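> Here's a structure for you.
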Amino acid sequence: MISIITEGAPELWGHPLMYFFLFFTFAFGASLGSFTNVLIYRIPMDMSVVYPASACPACGHQIRWYENIPMISFLLLRARCSQCKTPISFQYPFLEFLAGIWSISLAYRELWPTFSQPELWVNDISVLLSASAMWLWLLIFTCALLAITLIDLRYTFVPDEISLNLMWLSFGAFFIPTQVPVDHFFGLLAGYGTILGIRGLGYLLYRREAMGLGDAKLLAMIGGFLGWRVLPWILFAAAVQGIIAAALALGYTKLTGRSNLLTMTSAELDERFGEEGLYEEQRVLLVMPFGPFLCIAAFEVLALTPEVLFQYLSLIH
Ligand SMILES: [Zn+2]
């Protein structure tokens, strides 16, 4: 993934297109964040993500279009269903807001340098389309990372519905002129192959499944979008951050006796997997999906400034 060079782009503040740019990219990102909420809620329940229209999970009240405007509806409804007054989770407006802000910053890097200089694209709209495609492509990728992170943390699986579809979408690199398609295609293969290799090693050394195929599809998707060059960094960063998180989570549980996102008590394990007494001898077990850490590391690559990224790329060229 190599960003469009931002050098020489006009200042955002005070530019005549500033308000349009900010409003459009924020609203678009927030709407995509809203759809991400739908994925997070519906995929683990095996529901279609497009049909039927959203309804209140408590009373079945069908959510009307004006009750479904990112963030605004949450405030107008005062965080409650209009019918049965069941509270609506803060996760909804929070993710919408995050996606909106991230959309602006991504667009500022990928789209603004082109969009702010109409003389660049007024005679050749394909220049603007290509910059917009890059922004949209990476924005969808980030929302997928967000959805996978939350689903994997809560249910410990990486949904194929997201990773496989995004693997297809990573071929978008072939249609974005600033990208080197072969880097992305090789990234997809290398991502899948790396996890398969770790899996094989786990079988050989410990006779157990070290990593699931869900993680292989996830790293394939990440390699497809970001290219093969950043894969070693992503694996390294994910491992280091995973170890730190595991140590903190175990420490917290040992000190307080309470479980958290990454740990479970034996009673909770029995309840989750429905097997009485199977985990009796283990007082606390680390339930650590690797997917969220791969996603966080991939996001860090995206969020680093291009300058930092270029320095890293020149190291391994
Ligand atoms: Zn309701």
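Numbering starts fresh at 1 for the residues of each chain in the structure tokens, the chains themselves are lettered A, B, ... in the order given, and ligands are numbered from 1 as they appear.
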Sorted by chain and rising residue number, list the residues of chain A at most 10 Å from ligand 1 (counting only C-alpha atoms and all ligand atoms), each with its closest atom pair and distance in Å to one decimal, as a tab-separated table.

```
residue	atom	partner	partner_atom_place_in_ligand_line	distance
A:Ala55	CA	ligand 1	1 (Zn)	7.8
A:Cys56	CA	ligand 1	1 (Zn)	4.6
A:Pro57	CA	ligand 1	1 (Zn)	6.6
A:Ala58	CA	ligand 1	1 (Zn)	5.0
A:Cys59	CA	ligand 1	1 (Zn)	4.1
A:Gly60	CA	ligand 1	1 (Zn)	6.0
A:His61	CA	ligand 1	1 (Zn)	5.3
A:Gln62	CA	ligand 1	1 (Zn)	8.5
A:Ile63	CA	ligand 1	1 (Zn)	9.0
A:Arg80	CA	ligand 1	1 (Zn)	7.9
A:Cys81	CA	ligand 1	1 (Zn)	4.6
A:Ser82	CA	ligand 1	1 (Zn)	6.6
A:Gln83	CA	ligand 1	1 (Zn)	5.0
A:Cys84	CA	ligand 1	1 (Zn)	4.2
A:Lys85	CA	ligand 1	1 (Zn)	6.0
A:Thr86	CA	ligand 1	1 (Zn)	5.6
A:Pro87	CA	ligand 1	1 (Zn)	8.5
A:Ile88	CA	ligand 1	1 (Zn)	9.1
```
> Suppose we keep N, CA, C and O atoms; can you now write the selection as a PDB file, in the first residue's frame?

```
ATOM      1  N   ALA A  55     -34.523  -3.900  13.249  1.00  0.00           N
ATOM      2  CA  ALA A  55     -35.633  -3.833  14.189  1.00  0.00           C
ATOM      3  C   ALA A  55     -35.074  -3.843  15.600  1.00  0.00           C
ATOM      4  O   ALA A  55     -33.944  -4.262  15.827  1.00  0.00           O
ATOM      5  N   CYS A  56     -35.873  -3.352  16.547  1.00  0.00           N
ATOM      6  CA  CYS A  56     -35.462  -3.376  17.952  1.00  0.00           C
ATOM      7  C   CYS A  56     -35.375  -4.832  18.409  1.00  0.00           C
ATOM      8  O   CYS A  56     -36.333  -5.583  18.242  1.00  0.00           O
ATOM      9  N   PRO A  57     -34.231  -5.267  18.977  1.00  0.00           N
ATOM     10  CA  PRO A  57     -34.107  -6.665  19.384  1.00  0.00           C
ATOM     11  C   PRO A  57     -35.063  -7.029  20.531  1.00  0.00           C
ATOM     12  O   PRO A  57     -35.377  -8.204  20.718  1.00  0.00           O
ATOM     13  N   ALA A  58     -35.535  -6.031  21.266  1.00  0.00           N
ATOM     14  CA  ALA A  58     -36.400  -6.327  22.418  1.00  0.00           C
ATOM     15  C   ALA A  58     -37.862  -6.481  22.015  1.00  0.00           C
ATOM     16  O   ALA A  58     -38.537  -7.427  22.416  1.00  0.00           O
ATOM     17  N   CYS A  59     -38.389  -5.545  21.187  1.00  0.00           N
ATOM     18  CA  CYS A  59     -39.825  -5.577  20.898  1.00  0.00           C
ATOM     19  C   CYS A  59     -40.134  -5.807  19.420  1.00  0.00           C
ATOM     20  O   CYS A  59     -41.290  -5.945  19.039  1.00  0.00           O
ATOM     21  N   GLY A  60     -39.111  -5.825  18.572  1.00  0.00           N
ATOM     22  CA  GLY A  60     -39.342  -6.074  17.164  1.00  0.00           C
ATOM     23  C   GLY A  60     -39.804  -4.864  16.376  1.00  0.00           C
ATOM     24  O   GLY A  60     -40.070  -4.952  15.173  1.00  0.00           O
ATOM     25  N   HIS A  61     -39.878  -3.715  17.049  1.00  0.00           N
ATOM     26  CA  HIS A  61     -40.303  -2.480  16.374  1.00  0.00           C
ATOM     27  C   HIS A  61     -39.372  -2.170  15.194  1.00  0.00           C
ATOM     28  O   HIS A  61     -38.151  -2.111  15.352  1.00  0.00           O
ATOM     29  N   GLN A  62     -39.967  -2.022  14.010  1.00  0.00           N
ATOM     30  CA  GLN A  62     -39.153  -1.772  12.821  1.00  0.00           C
ATOM     31  C   GLN A  62     -38.604  -0.340  12.846  1.00  0.00           C
ATOM     32  O   GLN A  62     -39.346   0.610  13.035  1.00  0.00           O
ATOM     33  N   ILE A  63     -37.275  -0.250  12.691  1.00  0.00           N
ATOM     34  CA  ILE A  63     -36.627   1.051  12.805  1.00  0.00           C
ATOM     35  C   ILE A  63     -36.834   1.830  11.516  1.00  0.00           C
ATOM     36  O   ILE A  63     -36.426   1.394  10.444  1.00  0.00           O
ATOM     37  N   ARG A  80     -32.986   5.328  23.522  1.00  0.00           N
ATOM     38  CA  ARG A  80     -33.992   4.315  23.821  1.00  0.00           C
ATOM     39  C   ARG A  80     -34.820   3.993  22.581  1.00  0.00           C
ATOM     40  O   ARG A  80     -35.024   4.854  21.730  1.00  0.00           O
ATOM     41  N   CYS A  81     -35.328   2.764  22.506  1.00  0.00           N
ATOM     42  CA  CYS A  81     -36.245   2.389  21.435  1.00  0.00           C
ATOM     43  C   CYS A  81     -37.499   3.246  21.547  1.00  0.00           C
ATOM     44  O   CYS A  81     -38.034   3.443  22.643  1.00  0.00           O
ATOM     45  N   SER A  82     -37.995   3.764  20.415  1.00  0.00           N
ATOM     46  CA  SER A  82     -39.143   4.679  20.454  1.00  0.00           C
ATOM     47  C   SER A  82     -40.406   3.963  20.914  1.00  0.00           C
ATOM     48  O   SER A  82     -41.340   4.583  21.406  1.00  0.00           O
ATOM     49  N   GLN A  83     -40.445   2.624  20.775  1.00  0.00           N
ATOM     50  CA  GLN A  83     -41.637   1.860  21.113  1.00  0.00           C
ATOM     51  C   GLN A  83     -41.606   1.374  22.565  1.00  0.00           C
ATOM     52  O   GLN A  83     -42.468   1.725  23.368  1.00  0.00           O
ATOM     53  N   CYS A  84     -40.584   0.563  22.876  1.00  0.00           N
ATOM     54  CA  CYS A  84     -40.594  -0.123  24.183  1.00  0.00           C
ATOM     55  C   CYS A  84     -39.631   0.509  25.182  1.00  0.00           C
ATOM     56  O   CYS A  84     -39.551   0.066  26.322  1.00  0.00           O
ATOM     57  N   LYS A  85     -38.890   1.540  24.739  1.00  0.00           N
ATOM     58  CA  LYS A  85     -37.987   2.281  25.636  1.00  0.00           C
ATOM     59  C   LYS A  85     -36.800   1.457  26.157  1.00  0.00           C
ATOM     60  O   LYS A  85     -36.158   1.846  27.126  1.00  0.00           O
ATOM     61  N   THR A  86     -36.527   0.304  25.524  1.00  0.00           N
ATOM     62  CA  THR A  86     -35.326  -0.457  25.891  1.00  0.00           C
ATOM     63  C   THR A  86     -34.086   0.362  25.507  1.00  0.00           C
ATOM     64  O   THR A  86     -34.040   0.915  24.407  1.00  0.00           O
ATOM     65  N   PRO A  87     -33.097   0.465  26.408  1.00  0.00           N
ATOM     66  CA  PRO A  87     -31.906   1.270  26.079  1.00  0.00           C
ATOM     67  C   PRO A  87     -31.160   0.723  24.854  1.00  0.00           C
ATOM     68  O   PRO A  87     -31.070  -0.485  24.663  1.00  0.00           O
ATOM     69  N   ILE A  88     -30.650   1.645  24.034  1.00  0.00           N
ATOM     70  CA  ILE A  88     -29.830   1.274  22.875  1.00  0.00           C
ATOM     71  C   ILE A  88     -28.360   1.398  23.298  1.00  0.00           C
ATOM     72  O   ILE A  88     -27.995   2.364  23.965  1.00  0.00           O
TER      73      ILE A  88
END
```
> Using only C-alpha atoms, determine which residues lie at most 12 Å from Tyr66 (chain A), disregarding the query and same-chain residues fewer than 4 positions distant; provide the list as a list in words.
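These residues fall inside the cut-off: Gln62, Pro70, Met71, Ile72, Ser73, Phe74, Leu75, Leu76, Leu77 and Ser82 of chain A.
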> Just write the chosen residues, N, CA, C and O atoms, as an mmCIF file, in the first residue's frame.

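Now in part.cif:
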```
data_model
loop_
_atom_site.group_PDB
_atom_site.id
_atom_site.type_symbol
_atom_site.label_atom_id
_atom_site.label_comp_id
_atom_site.auth_asym_id
_atom_site.auth_seq_id
_atom_site.Cartn_x
_atom_site.Cartn_y
_atom_site.Cartn_z
ATOM 1 N N GLN A 62 -39.967 -2.022 14.010
ATOM 2 C CA GLN A 62 -39.153 -1.772 12.821
ATOM 3 C C GLN A 62 -38.604 -0.340 12.846
ATOM 4 O O GLN A 62 -39.346 0.610 13.035
ATOM 5 N N PRO A 70 -27.125 7.995 11.473
ATOM 6 C CA PRO A 70 -26.004 7.811 12.390
ATOM 7 C C PRO A 70 -25.926 8.920 13.437
ATOM 8 O O PRO A 70 -26.032 10.094 13.105
ATOM 9 N N MET A 71 -25.776 8.571 14.657
ATOM 10 C CA MET A 71 -25.594 9.440 15.828
ATOM 11 C C MET A 71 -26.790 10.341 16.122
ATOM 12 O O MET A 71 -27.236 10.431 17.263
ATOM 13 N N ILE A 72 -27.325 11.016 15.103
ATOM 14 C CA ILE A 72 -28.410 11.984 15.327
ATOM 15 C C ILE A 72 -29.635 11.283 15.918
ATOM 16 O O ILE A 72 -30.211 11.743 16.917
ATOM 17 N N SER A 73 -29.999 10.130 15.327
ATOM 18 C CA SER A 73 -31.171 9.420 15.826
ATOM 19 C C SER A 73 -30.976 8.955 17.265
ATOM 20 O O SER A 73 -31.896 9.005 18.076
ATOM 21 N N PHE A 74 -29.749 8.540 17.564
ATOM 22 C CA PHE A 74 -29.445 8.079 18.929
ATOM 23 C C PHE A 74 -29.728 9.192 19.936
ATOM 24 O O PHE A 74 -30.327 8.974 20.983
ATOM 25 N N LEU A 75 -29.325 10.423 19.560
ATOM 26 C CA LEU A 75 -29.552 11.566 20.448
ATOM 27 C C LEU A 75 -31.036 11.911 20.511
ATOM 28 O O LEU A 75 -31.591 12.134 21.585
ATOM 29 N N LEU A 76 -31.707 11.944 19.343
ATOM 30 C CA LEU A 76 -33.123 12.296 19.314
ATOM 31 C C LEU A 76 -33.967 11.281 20.078
ATOM 32 O O LEU A 76 -34.941 11.643 20.746
ATOM 33 N N LEU A 77 -33.582 9.997 19.978
ATOM 34 C CA LEU A 77 -34.341 8.949 20.674
ATOM 35 C C LEU A 77 -33.934 8.852 22.152
ATOM 36 O O LEU A 77 -34.489 8.048 22.891
ATOM 37 N N SER A 82 -37.995 3.764 20.415
ATOM 38 C CA SER A 82 -39.143 4.679 20.454
ATOM 39 C C SER A 82 -40.406 3.963 20.914
ATOM 40 O O SER A 82 -41.340 4.583 21.406
#
```
> Any chance you could list, as an NGL selection string, the residues in region 94-228 of chain A that come up helix (DSSP H, G or I) when DSSP is run on the backbone?
:A and (94-110 or 112-115 or 118-121 or 125-155 or 160-175 or 181-206 or 213-226 or 228)
> List the neighbours of Pro289 (chain A) out to 7 Å using only C-alpha atoms; skip same-chain residues closer than 3 positions along the sequence, and give me the result as a CSV table (one decimal) with all heavy atoms, in the first residue's frame.

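To be explicit, this is the file written out as selection_26.csv:
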```csv
chain,number,residue,atom,x,y,z
A,152,ASP,N,-14.5,-11.2,16.9
A,152,ASP,CA,-13.5,-12.2,17.3
A,152,ASP,C,-13.3,-12.1,18.9
A,152,ASP,O,-13.2,-13.1,19.6
A,152,ASP,CB,-12.2,-12.0,16.6
A,152,ASP,CG,-11.3,-13.3,16.6
A,152,ASP,OD1,-11.8,-14.3,17.1
A,152,ASP,OD2,-10.2,-13.2,16.2
A,153,LEU,N,-13.4,-10.9,19.4
A,153,LEU,CA,-13.2,-10.7,20.8
A,153,LEU,C,-14.4,-11.3,21.6
A,153,LEU,O,-14.3,-11.9,22.6
A,153,LEU,CB,-13.1,-9.2,21.2
A,153,LEU,CG,-11.8,-8.6,21.1
A,153,LEU,CD1,-11.9,-7.1,21.5
A,153,LEU,CD2,-10.8,-9.3,22.1
A,156,THR,N,-14.9,-15.4,19.5
A,156,THR,CA,-13.7,-16.1,19.2
A,156,THR,C,-13.8,-16.8,17.8
A,156,THR,O,-13.5,-18.0,17.7
A,156,THR,CB,-13.2,-17.1,20.2
A,156,THR,OG1,-14.3,-18.0,20.6
A,156,THR,CG2,-12.7,-16.4,21.5
A,292,PRO,N,-8.0,-10.1,16.6
A,292,PRO,CA,-8.0,-8.7,16.9
A,292,PRO,C,-6.6,-8.0,16.9
A,292,PRO,O,-6.5,-6.9,16.5
A,292,PRO,CB,-8.6,-8.7,18.4
A,292,PRO,CG,-9.4,-9.9,18.4
A,292,PRO,CD,-8.7,-10.9,17.6
```
> Determine which residues of region 20-135 of chain A receive a DSSP assignment of strand (DSSP E or B), computed from the backbone, and state them as JSON, numbers by chain.
{"A": [55, 62, 80, 87]}
> What gap, in Å, lies between CA of Ala133 (chain A) and CA of Thr178 (chain A)?
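Separating CA of Ala133 (chain A) from CA of Thr178 (chain A) is a distance of 10.5 Å.
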> Select, from A:Gly14, A:Gly223, A:Pro118, A:Gly242, the residue with the minimum atom-to-atom distance to Leu262 (chain A), counting only C-alpha atoms.
A:Gly242
> Work out how far apart CA of Glu119 (chain A) and CA of Leu106 (chain A) are and give it in Å to one decimal.
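For CA of Glu119 (chain A) relative to CA of Leu106 (chain A), the distance reads 22.0 Å.
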